[in-house]
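Asker: Dropping in model-v1.txt, which is compact mmCIF, C-alpha atoms and all ligand atoms:
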```txt
# COMPACT_ATOMS: atom_id res chain seq x y z
CA LEU A 1 0.00 0.00 0.00
CA LEU A 2 2.79 2.37 0.91
CA ARG A 3 4.43 1.71 -2.43
CA LEU A 4 1.15 2.64 -4.11
CA LEU A 5 0.61 5.70 -1.98
CA GLY A 6 4.06 7.14 -2.73
CA PRO A 7 3.46 7.72 -6.43
CA LEU A 8 -0.12 8.79 -5.74
CA GLN A 9 1.01 11.44 -3.32
CA GLY A 10 3.44 12.62 -5.97
CA LEU A 11 0.58 12.82 -8.42
CA SER A 12 -1.64 14.76 -6.08
CA ASN A 13 1.10 17.37 -5.75
CA VAL A 14 1.24 17.66 -9.51
CA ARG A 15 -2.50 18.15 -9.54
CA ILE A 16 -2.20 20.97 -7.03
CA ASP A 17 0.37 22.69 -9.26
CA VAL A 18 -1.87 22.31 -12.29
CA MET A 19 -4.86 23.59 -10.32
CA THR A 20 -2.89 26.62 -9.13
CA ALA A 21 -1.90 27.37 -12.70
CA LEU A 22 -5.50 27.00 -13.82
CA VAL A 23 -6.77 29.27 -11.09
CA SER A 24 -4.41 32.06 -12.02
CA PHE A 25 -5.12 31.52 -15.71
CA GLU A 26 -8.86 31.71 -15.08
CA ARG A 27 -8.49 34.79 -12.94
CA VAL A 28 -6.82 36.75 -15.69
CA PHE A 29 -8.99 35.25 -18.37
CA GLU A 30 -12.15 36.15 -16.52
CA VAL A 31 -11.12 39.68 -15.89
CA LEU A 32 -9.75 40.99 -19.12
CA ASP A 33 -7.73 38.54 -21.20
CA LEU A 34 -4.64 40.38 -20.03
CA PRO A 35 -1.43 38.75 -18.94
CA SER A 36 -1.13 39.51 -15.26
CA THR A 37 2.26 40.36 -13.82
CA VAL A 38 1.43 39.85 -10.17
CA VAL A 39 2.60 37.03 -7.98
CA GLU A 40 0.98 35.87 -4.76
CA ARG A 41 3.17 36.33 -1.71
CA ALA A 42 4.20 33.20 0.14
CA ASP A 43 2.70 34.70 3.32
CA ALA A 44 -0.52 35.93 1.64
CA VAL A 45 -3.64 35.63 3.80
CA PRO A 46 -7.28 35.37 2.69
CA LEU A 47 -8.99 38.75 2.49
CA GLN A 48 -11.43 38.92 5.38
CA PHE A 49 -14.56 40.98 5.39
CA ALA A 50 -17.71 40.87 7.50
CA ALA A 51 -19.88 37.92 6.44
CA GLY A 52 -22.94 38.98 4.48
CA SER A 53 -21.59 42.48 3.97
CA ARG A 54 -22.66 43.96 0.68
CA GLY A 55 -19.98 46.61 0.58
CA VAL A 56 -16.34 46.98 1.55
CA ARG A 57 -14.14 50.02 1.88
CA LEU A 58 -11.83 50.74 -1.06
CA GLU A 59 -8.89 53.05 -0.61
CA LEU A 60 -6.17 54.24 -2.96
CA ASP A 61 -3.45 55.91 -0.97
CA HIS A 62 -0.93 58.04 -2.94
CA VAL A 63 -0.79 55.52 -5.77
CA GLY A 64 1.78 55.90 -8.55
CA PHE A 65 2.11 53.48 -11.44
CA ALA A 66 3.87 52.85 -14.77
CA TYR A 67 3.07 49.85 -16.96
CA PRO A 68 5.94 47.39 -17.02
CA ASP A 69 7.97 47.82 -20.17
CA PRO A 70 7.43 44.58 -22.15
CA ALA A 71 10.97 44.78 -23.54
CA THR A 72 12.56 44.62 -20.10
CA THR A 73 10.06 42.43 -18.27
CA THR A 74 11.52 38.97 -17.89
CA LEU A 75 10.10 35.93 -16.20
CA ALA A 76 12.72 36.27 -13.48
CA SER A 77 11.71 39.87 -12.79
CA LEU A 78 8.05 38.84 -12.59
CA GLU A 79 8.90 36.43 -9.85
CA THR A 80 10.18 39.20 -7.66
CA VAL A 81 7.39 39.58 -5.16
CA GLY A 82 6.43 43.19 -4.61
CA GLY A 83 7.75 44.16 -8.00
CA ALA A 84 10.42 46.47 -6.64
CA ASP A 85 12.86 45.62 -9.40
CA ARG A 86 10.47 44.72 -12.16
CA GLY A 87 11.51 45.95 -15.54
CA ARG A 88 10.34 49.53 -15.86
CA GLY A 89 10.84 51.95 -18.62
CA SER A 90 7.39 53.21 -19.55
CA GLU A 91 6.27 56.65 -18.50
CA PRO A 92 4.26 56.80 -15.27
CA VAL A 93 0.54 56.81 -16.07
CA LEU A 94 -0.75 57.48 -12.54
CA HIS A 95 0.60 60.03 -10.08
CA ASP A 96 -0.36 60.33 -6.45
CA VAL A 97 -3.91 59.00 -6.84
CA THR A 98 -5.74 59.12 -3.51
CA PHE A 99 -9.42 58.48 -2.79
CA VAL A 100 -11.73 56.46 -0.56
CA ALA A 101 -14.98 54.71 -1.44
CA GLU A 102 -16.84 53.93 1.77
CA PRO A 103 -18.84 50.67 1.95
CA GLY A 104 -21.87 50.91 -0.34
CA GLU A 105 -20.72 54.07 -2.13
CA THR A 106 -20.55 54.56 -5.87
CA VAL A 107 -17.50 56.38 -7.13
CA ALA A 108 -17.53 57.46 -10.78
CA LEU A 109 -14.34 58.01 -12.78
CA VAL A 110 -14.56 60.44 -15.68
CA GLY A 111 -11.87 62.03 -17.81
CA PRO A 112 -10.47 62.33 -21.31
CA SER A 113 -9.30 59.27 -23.24
CA GLY A 114 -5.95 58.03 -21.98
CA ALA A 115 -6.32 59.82 -18.63
CA GLY A 116 -5.78 56.63 -16.61
CA LYS A 117 -9.30 55.56 -15.62
CA THR A 118 -8.94 51.95 -16.79
CA THR A 119 -5.51 51.74 -15.20
CA ILE A 120 -7.00 52.67 -11.81
CA THR A 121 -9.49 49.80 -12.16
CA HIS A 122 -6.65 47.41 -13.15
CA LEU A 123 -4.86 48.22 -9.91
CA VAL A 124 -7.99 47.64 -7.82
CA ALA A 125 -8.37 44.16 -9.36
CA ARG A 126 -4.60 43.76 -8.86
CA LEU A 127 -3.83 42.97 -12.46
CA TYR A 128 -0.68 44.97 -11.78
CA ASP A 129 1.06 46.09 -8.63
CA VAL A 130 1.48 49.74 -7.78
CA ASP A 131 4.94 51.34 -7.87
CA ARG A 132 4.12 53.79 -5.11
CA GLY A 133 1.45 53.98 -2.44
CA THR A 134 -1.11 51.33 -1.55
CA VAL A 135 -4.43 49.92 -2.76
CA ARG A 136 -6.51 48.70 0.18
CA VAL A 137 -9.70 46.64 0.04
CA ALA A 138 -11.56 46.16 3.34
CA GLY A 139 -8.49 47.62 5.05
CA HIS A 140 -6.03 45.10 3.53
CA ASP A 141 -3.18 45.94 1.19
CA VAL A 142 -4.14 43.96 -1.93
CA ARG A 143 -0.52 42.72 -2.22
CA ALA A 144 -0.84 40.96 1.13
CA VAL A 145 -3.92 38.85 0.35
CA THR A 146 -4.43 35.69 -1.70
CA LEU A 147 -5.40 36.23 -5.33
CA ASP A 148 -8.37 33.87 -4.98
CA SER A 149 -9.83 35.76 -2.06
CA LEU A 150 -9.34 39.09 -3.84
CA GLU A 151 -11.12 37.69 -6.87
CA ASP A 152 -14.06 36.68 -4.66
CA VAL A 153 -14.35 40.24 -3.38
CA VAL A 154 -13.92 42.17 -6.62
CA GLY A 155 -16.41 41.69 -9.47
CA TYR A 156 -15.32 43.19 -12.78
CA VAL A 157 -17.74 43.90 -15.65
CA THR A 158 -16.49 45.56 -18.81
CA GLN A 159 -18.15 46.56 -22.06
CA ASP A 160 -16.93 43.36 -23.65
CA SER A 161 -17.09 40.92 -20.78
CA HIS A 162 -15.99 37.52 -21.91
CA MET A 163 -18.46 34.69 -22.52
CA PHE A 164 -17.06 31.23 -23.16
CA HIS A 165 -18.14 29.13 -26.12
CA ASP A 166 -20.39 27.08 -23.86
CA THR A 167 -23.97 26.98 -22.63
CA ILE A 168 -25.57 29.95 -20.88
CA GLY A 169 -25.87 27.83 -17.73
CA ALA A 170 -22.17 26.93 -17.78
CA ASN A 171 -21.18 30.55 -18.37
CA LEU A 172 -23.13 31.57 -15.28
CA ARG A 173 -22.02 28.64 -13.10
CA TYR A 174 -18.49 29.69 -13.83
CA ALA A 175 -19.07 32.47 -11.27
CA ARG A 176 -20.55 30.08 -8.73
CA PRO A 177 -20.17 26.38 -9.50
CA ASP A 178 -22.67 25.26 -6.85
CA ALA A 179 -25.49 27.56 -8.02
CA THR A 180 -28.88 25.86 -8.32
CA ASP A 181 -31.09 26.39 -11.38
CA GLU A 182 -33.35 28.46 -9.14
CA GLN A 183 -30.49 30.80 -8.21
CA ILE A 184 -29.48 31.05 -11.86
CA TRP A 185 -33.00 32.03 -12.91
CA ALA A 186 -33.20 34.58 -10.09
CA ALA A 187 -29.97 36.18 -11.33
CA LEU A 188 -31.24 36.15 -14.92
CA GLU A 189 -34.48 37.82 -13.77
CA ALA A 190 -32.62 40.48 -11.80
CA ALA A 191 -30.35 41.11 -14.80
CA ARG A 192 -33.43 41.53 -17.06
CA ILE A 193 -32.41 38.71 -19.38
CA ALA A 194 -34.60 35.83 -18.16
CA ARG A 195 -37.30 36.45 -20.77
CA LEU A 196 -34.83 36.09 -23.62
CA VAL A 197 -33.27 32.89 -22.21
CA ARG A 198 -36.72 31.40 -21.66
CA SER A 199 -37.65 32.12 -25.27
CA LEU A 200 -34.66 30.18 -26.65
CA PRO A 201 -35.56 26.58 -27.59
CA GLN A 202 -32.75 25.19 -25.47
CA GLY A 203 -33.04 27.69 -22.62
CA LEU A 204 -30.07 27.48 -20.24
CA GLU A 205 -28.54 24.80 -22.46
CA THR A 206 -28.19 27.24 -25.39
CA VAL A 207 -24.59 27.49 -26.52
CA VAL A 208 -23.43 31.08 -26.98
CA GLY A 209 -20.58 32.42 -29.11
CA ASP A 210 -19.57 32.61 -32.74
CA ARG A 211 -20.72 29.09 -33.49
CA GLY A 212 -23.79 29.25 -31.25
CA TYR A 213 -26.37 31.88 -30.41
CA ARG A 214 -24.85 35.26 -31.15
CA LEU A 215 -25.50 37.60 -28.27
CA SER A 216 -26.08 41.28 -28.98
CA GLY A 217 -23.97 43.77 -27.02
CA GLY A 218 -26.81 44.46 -24.59
CA GLU A 219 -27.53 40.77 -24.09
CA ARG A 220 -23.90 39.94 -23.41
CA GLN A 221 -23.72 42.75 -20.91
CA ARG A 222 -26.85 41.57 -19.12
CA LEU A 223 -25.51 38.00 -18.95
CA ALA A 224 -22.30 39.39 -17.49
CA ILE A 225 -24.41 41.23 -14.91
CA ALA A 226 -26.29 37.99 -14.12
CA ARG A 227 -22.91 36.32 -13.58
CA LEU A 228 -21.91 39.17 -11.30
CA LEU A 229 -25.14 38.84 -9.31
CA LEU A 230 -24.51 35.12 -8.80
CA LYS A 231 -21.03 35.86 -7.56
CA ALA A 232 -22.39 38.70 -5.38
CA PRO A 233 -19.07 40.44 -4.70
CA PRO A 234 -19.03 43.32 -2.19
CA LEU A 235 -16.96 45.47 -4.57
CA VAL A 236 -17.92 45.99 -8.20
CA VAL A 237 -15.67 47.52 -10.83
CA LEU A 238 -17.58 48.48 -13.92
CA ASP A 239 -16.70 49.96 -17.27
CA GLU A 240 -19.96 51.35 -18.58
CA ALA A 241 -20.94 50.95 -22.21
CA THR A 242 -20.02 53.91 -24.37
CA ALA A 243 -22.33 53.12 -27.25
CA HIS A 244 -26.05 53.67 -27.19
CA LEU A 245 -27.79 50.32 -27.24
CA ASP A 246 -31.23 50.08 -28.79
CA GLY A 247 -33.94 51.62 -26.59
CA GLU A 248 -35.26 48.49 -24.92
CA SER A 249 -31.83 46.96 -24.35
CA GLU A 250 -30.58 50.25 -22.97
CA GLN A 251 -33.28 50.46 -20.37
CA ALA A 252 -32.87 46.79 -19.45
CA VAL A 253 -29.11 47.21 -18.97
CA GLN A 254 -29.61 50.31 -16.82
CA GLU A 255 -32.14 48.49 -14.62
CA ALA A 256 -29.87 45.45 -14.35
CA LEU A 257 -26.94 47.63 -13.34
CA ALA A 258 -28.97 49.48 -10.75
CA THR A 259 -29.79 46.09 -9.15
CA ALA A 260 -26.19 44.92 -9.37
CA LEU A 261 -24.74 48.03 -7.75
CA ASP A 262 -27.40 48.57 -5.13
CA GLY A 263 -25.81 48.57 -1.68
CA ARG A 264 -22.39 47.50 -3.01
CA THR A 265 -19.25 49.54 -3.17
CA SER A 266 -18.71 50.36 -6.82
CA LEU A 267 -16.06 52.01 -8.92
CA VAL A 268 -17.51 52.91 -12.30
CA ILE A 269 -15.83 54.28 -15.41
CA ALA A 270 -18.78 56.46 -16.23
CA HIS A 271 -19.95 57.37 -19.69
CA ARG A 272 -23.53 58.18 -18.80
CA LEU A 273 -25.11 61.21 -17.29
CA SER A 274 -27.48 59.17 -15.12
CA THR A 275 -24.50 57.42 -13.47
CA VAL A 276 -22.56 60.55 -12.58
CA ARG A 277 -25.71 62.27 -11.36
CA SER A 278 -26.38 59.51 -8.86
CA ALA A 279 -22.74 58.82 -7.88
CA ASP A 280 -21.73 59.62 -4.31
CA GLN A 281 -18.47 60.97 -5.59
CA ILE A 282 -17.11 61.82 -9.04
CA LEU A 283 -13.36 61.77 -9.62
CA VAL A 284 -12.13 63.65 -12.67
CA VAL A 285 -8.93 62.06 -13.97
CA ASP A 286 -6.60 63.92 -16.31
CA GLY A 287 -3.01 63.05 -17.17
CA GLY A 288 -2.94 60.32 -14.51
CA ARG A 289 -4.00 62.63 -11.68
CA ILE A 290 -7.27 63.31 -9.92
CA VAL A 291 -7.82 66.92 -10.83
CA GLU A 292 -11.34 67.45 -9.46
CA ALA A 293 -13.53 65.53 -7.01
CA GLY A 294 -17.08 66.10 -5.83
CA THR A 295 -20.71 65.50 -6.66
CA HIS A 296 -22.35 66.37 -9.97
CA PRO A 297 -23.79 69.73 -8.84
CA GLU A 298 -20.57 70.67 -7.03
CA LEU A 299 -18.41 69.97 -10.06
CA LEU A 300 -20.78 71.68 -12.48
CA ALA A 301 -20.78 74.80 -10.31
CA ARG A 302 -16.98 74.77 -10.32
CA GLY A 303 -16.94 75.26 -14.10
CA GLY A 304 -13.73 73.25 -14.62
CA LEU A 305 -12.84 70.15 -16.63
CA TYR A 306 -15.91 68.25 -15.43
CA ALA A 307 -18.20 70.99 -16.66
CA GLN A 308 -16.50 70.75 -20.08
CA LEU A 309 -16.64 66.95 -20.24
CA HIS A 310 -20.21 66.96 -19.09
CA GLY A 311 -21.33 68.68 -22.26
CA THR A 312 -19.19 66.63 -24.64
CA GLN A 313 -18.29 63.17 -23.34
CA LEU A 314 -21.16 61.89 -21.25
CA VAL A 315 -24.06 60.18 -22.99
CA ASP A 316 -27.30 61.90 -22.11
CA ASP A 317 -29.46 58.92 -21.31
CA THR A 318 -32.27 60.92 -19.73
CA PRO A 319 -35.54 59.43 -20.99
CA VAL A 320 -37.16 61.74 -23.52
CA THR A 321 -40.49 62.96 -22.22
CA ARG A 322 -43.04 64.07 -24.75
P1 LIG B 401 -10.07 55.53 -22.27
O1 LIG B 401 -11.17 56.42 -21.80
O2 LIG B 401 -9.64 55.86 -23.68
O3 LIG B 401 -10.30 54.07 -22.06
P2 LIG B 401 -8.43 55.70 -19.86
O4 LIG B 401 -8.66 56.96 -19.11
O5 LIG B 401 -9.11 54.48 -19.39
O6 LIG B 401 -8.75 55.93 -21.41
P3 LIG B 401 -6.01 54.17 -19.65
O7 LIG B 401 -6.51 53.09 -20.55
O8 LIG B 401 -5.92 53.88 -18.21
O9 LIG B 401 -6.86 55.49 -19.88
O10 LIG B 401 -4.58 54.60 -20.18
C1 LIG B 401 -3.72 55.48 -19.48
C2 LIG B 401 -2.36 55.48 -20.18
O11 LIG B 401 -1.76 54.19 -20.02
C3 LIG B 401 -2.44 55.75 -21.66
O12 LIG B 401 -1.32 56.57 -22.00
C4 LIG B 401 -2.29 54.38 -22.28
O13 LIG B 401 -1.66 54.46 -23.54
C5 LIG B 401 -1.40 53.66 -21.28
N1 LIG B 401 -1.67 52.22 -21.25
C6 LIG B 401 -2.88 51.63 -21.08
N2 LIG B 401 -2.78 50.28 -21.04
C7 LIG B 401 -1.45 50.00 -21.21
C8 LIG B 401 -0.68 48.79 -21.24
N3 LIG B 401 -1.26 47.59 -21.11
N4 LIG B 401 0.66 48.90 -21.42
C9 LIG B 401 1.24 50.11 -21.54
N5 LIG B 401 0.58 51.29 -21.50
C10 LIG B 401 -0.74 51.24 -21.34
```
The structure given in the file should be rewritten as structure tokens.
Ligand code: ATP

Answerer:
Amino acid sequence: LLRLLGPLQGLSNVRIDVMTALVSFERVFEVLDLPSTVVERADAVPLQFAAGSRGVRLELDHVGFAYPDPATTTLASLETVGGADRGRGSEPVLHDVTFVAEPGETVALVGPSGAGKTTITHLVARLYDVDRGTVRVAGHDVRAVTLDSLEDVVGYVTQDSHMFHDTIGANLRYARPDATDEQIWAALEAARIARLVRSLPQGLETVVGDRGYRLSGGERQRLAIARLLLKAPPLVVLDEATAHLDGESEQAVQEALATALDGRTSLVIAHRLSTVRSADQILVVDGGRIVEAGTHPELLARGGLYAQLHGTQLVDDTPVTR
């Protein structure tokens, strides 16, 4: 028996390595299809937050960041925990970014193209490590916690959230493998997409993707929101759609988002007037710095960059009343 157990134990270690690799692959794949440069610390601890809490505190404290220069980033440098001597060479894209989102608050990021809004969200999901300062979630430095536990806390929905070439059910269970059909339907209802799924001949078993049912932009977004609702993370990072969807889809997406963000801490790259109007705090990012911060009326009254962007960059999604 011992002779049998020896090789088996060896095999189970291999399995653990493969699983670890899969987990980190999935993490990056789920978030953005980006190669992540971060490495979990050997002494990383699971991120703790109050059970059942729907919001956690998010804090960026004097954060500075430059993307690693691909030409000088080597595997060996990636393995350096903390990234102190990672290959650098690119220009800094964030300078001294400081803000706090209290539990349950919505913070909207606005600013010109290339200002650094997406980069801020990358650092919150720890796709990269900061060069200066600290990102804290629920009071923990994100570099000190396990990647799995951080992934459980942060839900990320972008304009082109990834759906696998698989059934709708499988795409949703990906967020929560033990979800019952009942929970899946509840998430689909809340994300305003249940009616469509019910109308498909194969329902939850419908395969989506290029060779299956082709989802429209609004449908894909609502499925991504359903996946987020199943996962129920206390912190949501959202890149709002820039394009106008067709009327019905638009309204459905807005309703779905309102449900998804309700009571959760959220950081939203805002492209819509309705979002900034209702945000607890708007941060105006320009050239990698936060140049203005406040609420919609405060920033409008100030007559600065926000007031300019407000007229040109934000989609006016106010319902037309006749
Ligand atoms: P947009 O509204 O156009 O999406 P943004 O405000 O989100 O813009 P970022 O995407 O964060 O801006 O980009 C900030 C800066 O970082 C830009 O100069 C951009 O070229 C650079 N940048 C973004 N992603 C990378 C990357 N993966 N590697 C190197 N530089 C990058």

Asker: Taking all atoms listed in the file into account, which residues are within 10 Å of ligand LIG 401 (chain B), as a ChimeraX atom specification?

Answerer: /A:34-36,65-70,90-94,109-122,128,239,242,269-271,284-288,313

Asker: Which residue gives the smallest distance to Leu196 in chain A among A:Ala252, A:Leu127, A:Val237, A:Leu228, with only C-alpha atoms counted?

Answerer: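 Closest residue, counting only C-alpha atoms: A:Ala252.
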
Asker: For Arg126 in chain A, which of A:Thr146, A:Gln281, A:Ser266, A:Ser161 is the closest residue, counting all atoms listed in the file?

Answerer: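 The answer is A:Thr146, which sits nearest to Arg126 in chain A.
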
Asker: Taking 2 positions as the minimum chain separation for residues in the same chain, which residues sit within 8 Å of Glu105 in chain A when counting only C-alpha atoms? Answer as a list in words.

Answerer: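 Selected residues are Gly55, Ala101, Glu102, Pro103, Val107, Gly263, Arg264, Thr265, Ser266, Ala279 and Asp280 of chain A.
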
Asker: One decimal, Å: what's the distance from CA of Ala144 in chain A over to CA of Ala44 in chain A, could you say?

Answerer: 5.1 Å

Asker: Work out how far apart CA of Arg54 in chain A and CA of Val268 in chain A are and give it in Å to one decimal.

Answerer: 16.6 Å

Asker: In Å, with one decimal, what is the gap from CA of Val276 in chain A to CA of Leu299 in chain A?

Answerer: 10.6 Å

Asker: Leaving out Glu298 in chain A and any residue of its chain fewer than 2 positions from it, which residues lie within 12 Å of it when counting only C-alpha atoms, given as a PyMOL selection string?

Answerer: chain A and resi 276-277+280-283+292-296+300-304+306-307

Asker: Looking at all atoms listed in the file, which of A:Ser53, A:Arg227, A:Gln221, A:Val153 is the one that sits closest to Ala175 in chain A?

Answerer: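 Closest to Ala175 in chain A, using all atoms listed in the file: A:Arg227.
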
Asker: Please provide the set of residues having any atom within 10 Å of His140 in chain A, restricted to only C-alpha atoms, with same-chain residues fewer than 6 positions apart removed, written as a list of chain:residue names.

Answerer: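 So, after excluding close chain neighbours, the residues are A:Val45, A:Pro46, A:Leu47, A:Gln48, A:Phe49, A:Arg57, A:Leu58, A:Glu59, A:Thr134.
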
Asker: Output the selection as a CSV table (one decimal), keeping the file's coordinate frame - C-alpha atoms for each residue.

Answerer:
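This is the output file selection.csv:
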```csv
chain,number,residue,atom,x,y,z
A,45,VAL,CA,-3.6,35.6,3.8
A,46,PRO,CA,-7.3,35.4,2.7
A,47,LEU,CA,-9.0,38.8,2.5
A,48,GLN,CA,-11.4,38.9,5.4
A,49,PHE,CA,-14.6,41.0,5.4
A,57,ARG,CA,-14.1,50.0,1.9
A,58,LEU,CA,-11.8,50.7,-1.1
A,59,GLU,CA,-8.9,53.0,-0.6
A,134,THR,CA,-1.1,51.3,-1.6
```

Asker: Give me the residues within 12 Å of Ser274 in chain A as an MDAnalysis selection string, counting all atoms listed in the file and dropping any in the same chain fewer than 6 places off.

Answerer: chainID A and resid 108 240 251 254:255 257:258 296 310 314:319

Asker: For Val97 in chain A, list every protein, DNA or RNA residue within 7 Å, evaluated using all atoms listed in the file, and leave out those in the same chain fewer than 6 positions away; present the list as a list in words.

Answerer: Leu60, Asp61, His62, Val63, Gly64, Arg289 and Ile290 of chain A

Asker: Point out the residue among A:Leu238, A:Val142, A:Leu200, A:Ala186 with the least atom-to-atom distance to Asp129 in chain A, counting only C-alpha atoms.

Answerer: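 The shortest atom-to-atom distance to Asp129 in chain A comes from A:Val142.
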
Asker: From the set A:Ala125, A:Gly218, A:Ala191, A:Gln308, which residue has the shortest atom-to-atom contact distance to Ser149 in chain A, counting only C-alpha atoms?

Answerer: A:Ala125

Asker: Ranking A:Arg198, A:Arg143, A:Arg192, A:Arg176 by minimum distance to Ala260 in chain A and counting only C-alpha atoms, which one comes first?

Answerer: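 Going through A:Arg198, A:Arg143, A:Arg192, A:Arg176 one by one, the smallest distance to Ala260 in chain A is for A:Arg192.
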
Asker: If you keep C-alpha atoms, can you output range 157-211 of chain A as a tab-separated table (two decimals), in the first residue's frame?

Answerer:
```tsv
chain	number	residue	atom	x	y	z
A	157	VAL	CA	-17.74	43.90	-15.65
A	158	THR	CA	-16.49	45.56	-18.81
A	159	GLN	CA	-18.15	46.56	-22.06
A	160	ASP	CA	-16.93	43.36	-23.65
A	161	SER	CA	-17.09	40.92	-20.78
A	162	HIS	CA	-15.99	37.52	-21.91
A	163	MET	CA	-18.46	34.69	-22.52
A	164	PHE	CA	-17.06	31.23	-23.16
A	165	HIS	CA	-18.14	29.13	-26.12
A	166	ASP	CA	-20.39	27.08	-23.86
A	167	THR	CA	-23.97	26.98	-22.63
A	168	ILE	CA	-25.57	29.95	-20.88
A	169	GLY	CA	-25.87	27.83	-17.73
A	170	ALA	CA	-22.17	26.93	-17.78
A	171	ASN	CA	-21.18	30.55	-18.37
A	172	LEU	CA	-23.13	31.57	-15.28
A	173	ARG	CA	-22.02	28.64	-13.10
A	174	TYR	CA	-18.49	29.69	-13.83
A	175	ALA	CA	-19.07	32.47	-11.27
A	176	ARG	CA	-20.55	30.08	-8.73
A	177	PRO	CA	-20.17	26.38	-9.50
A	178	ASP	CA	-22.67	25.26	-6.85
A	179	ALA	CA	-25.49	27.56	-8.02
A	180	THR	CA	-28.88	25.86	-8.32
A	181	ASP	CA	-31.09	26.39	-11.38
A	182	GLU	CA	-33.35	28.46	-9.14
A	183	GLN	CA	-30.49	30.80	-8.21
A	184	ILE	CA	-29.48	31.05	-11.86
A	185	TRP	CA	-33.00	32.03	-12.91
A	186	ALA	CA	-33.20	34.58	-10.09
A	187	ALA	CA	-29.97	36.18	-11.33
A	188	LEU	CA	-31.24	36.15	-14.92
A	189	GLU	CA	-34.48	37.82	-13.77
A	190	ALA	CA	-32.62	40.48	-11.80
A	191	ALA	CA	-30.35	41.11	-14.80
A	192	ARG	CA	-33.43	41.53	-17.06
A	193	ILE	CA	-32.41	38.71	-19.38
A	194	ALA	CA	-34.60	35.83	-18.16
A	195	ARG	CA	-37.30	36.45	-20.77
A	196	LEU	CA	-34.83	36.09	-23.62
A	197	VAL	CA	-33.27	32.89	-22.21
A	198	ARG	CA	-36.72	31.40	-21.66
A	199	SER	CA	-37.65	32.12	-25.27
A	200	LEU	CA	-34.66	30.18	-26.65
A	201	PRO	CA	-35.56	26.58	-27.59
A	202	GLN	CA	-32.75	25.19	-25.47
A	203	GLY	CA	-33.04	27.69	-22.62
A	204	LEU	CA	-30.07	27.48	-20.24
A	205	GLU	CA	-28.54	24.80	-22.46
A	206	THR	CA	-28.19	27.24	-25.39
A	207	VAL	CA	-24.59	27.49	-26.52
A	208	VAL	CA	-23.43	31.08	-26.98
A	209	GLY	CA	-20.58	32.42	-29.11
A	210	ASP	CA	-19.57	32.61	-32.74
A	211	ARG	CA	-20.72	29.09	-33.49
```
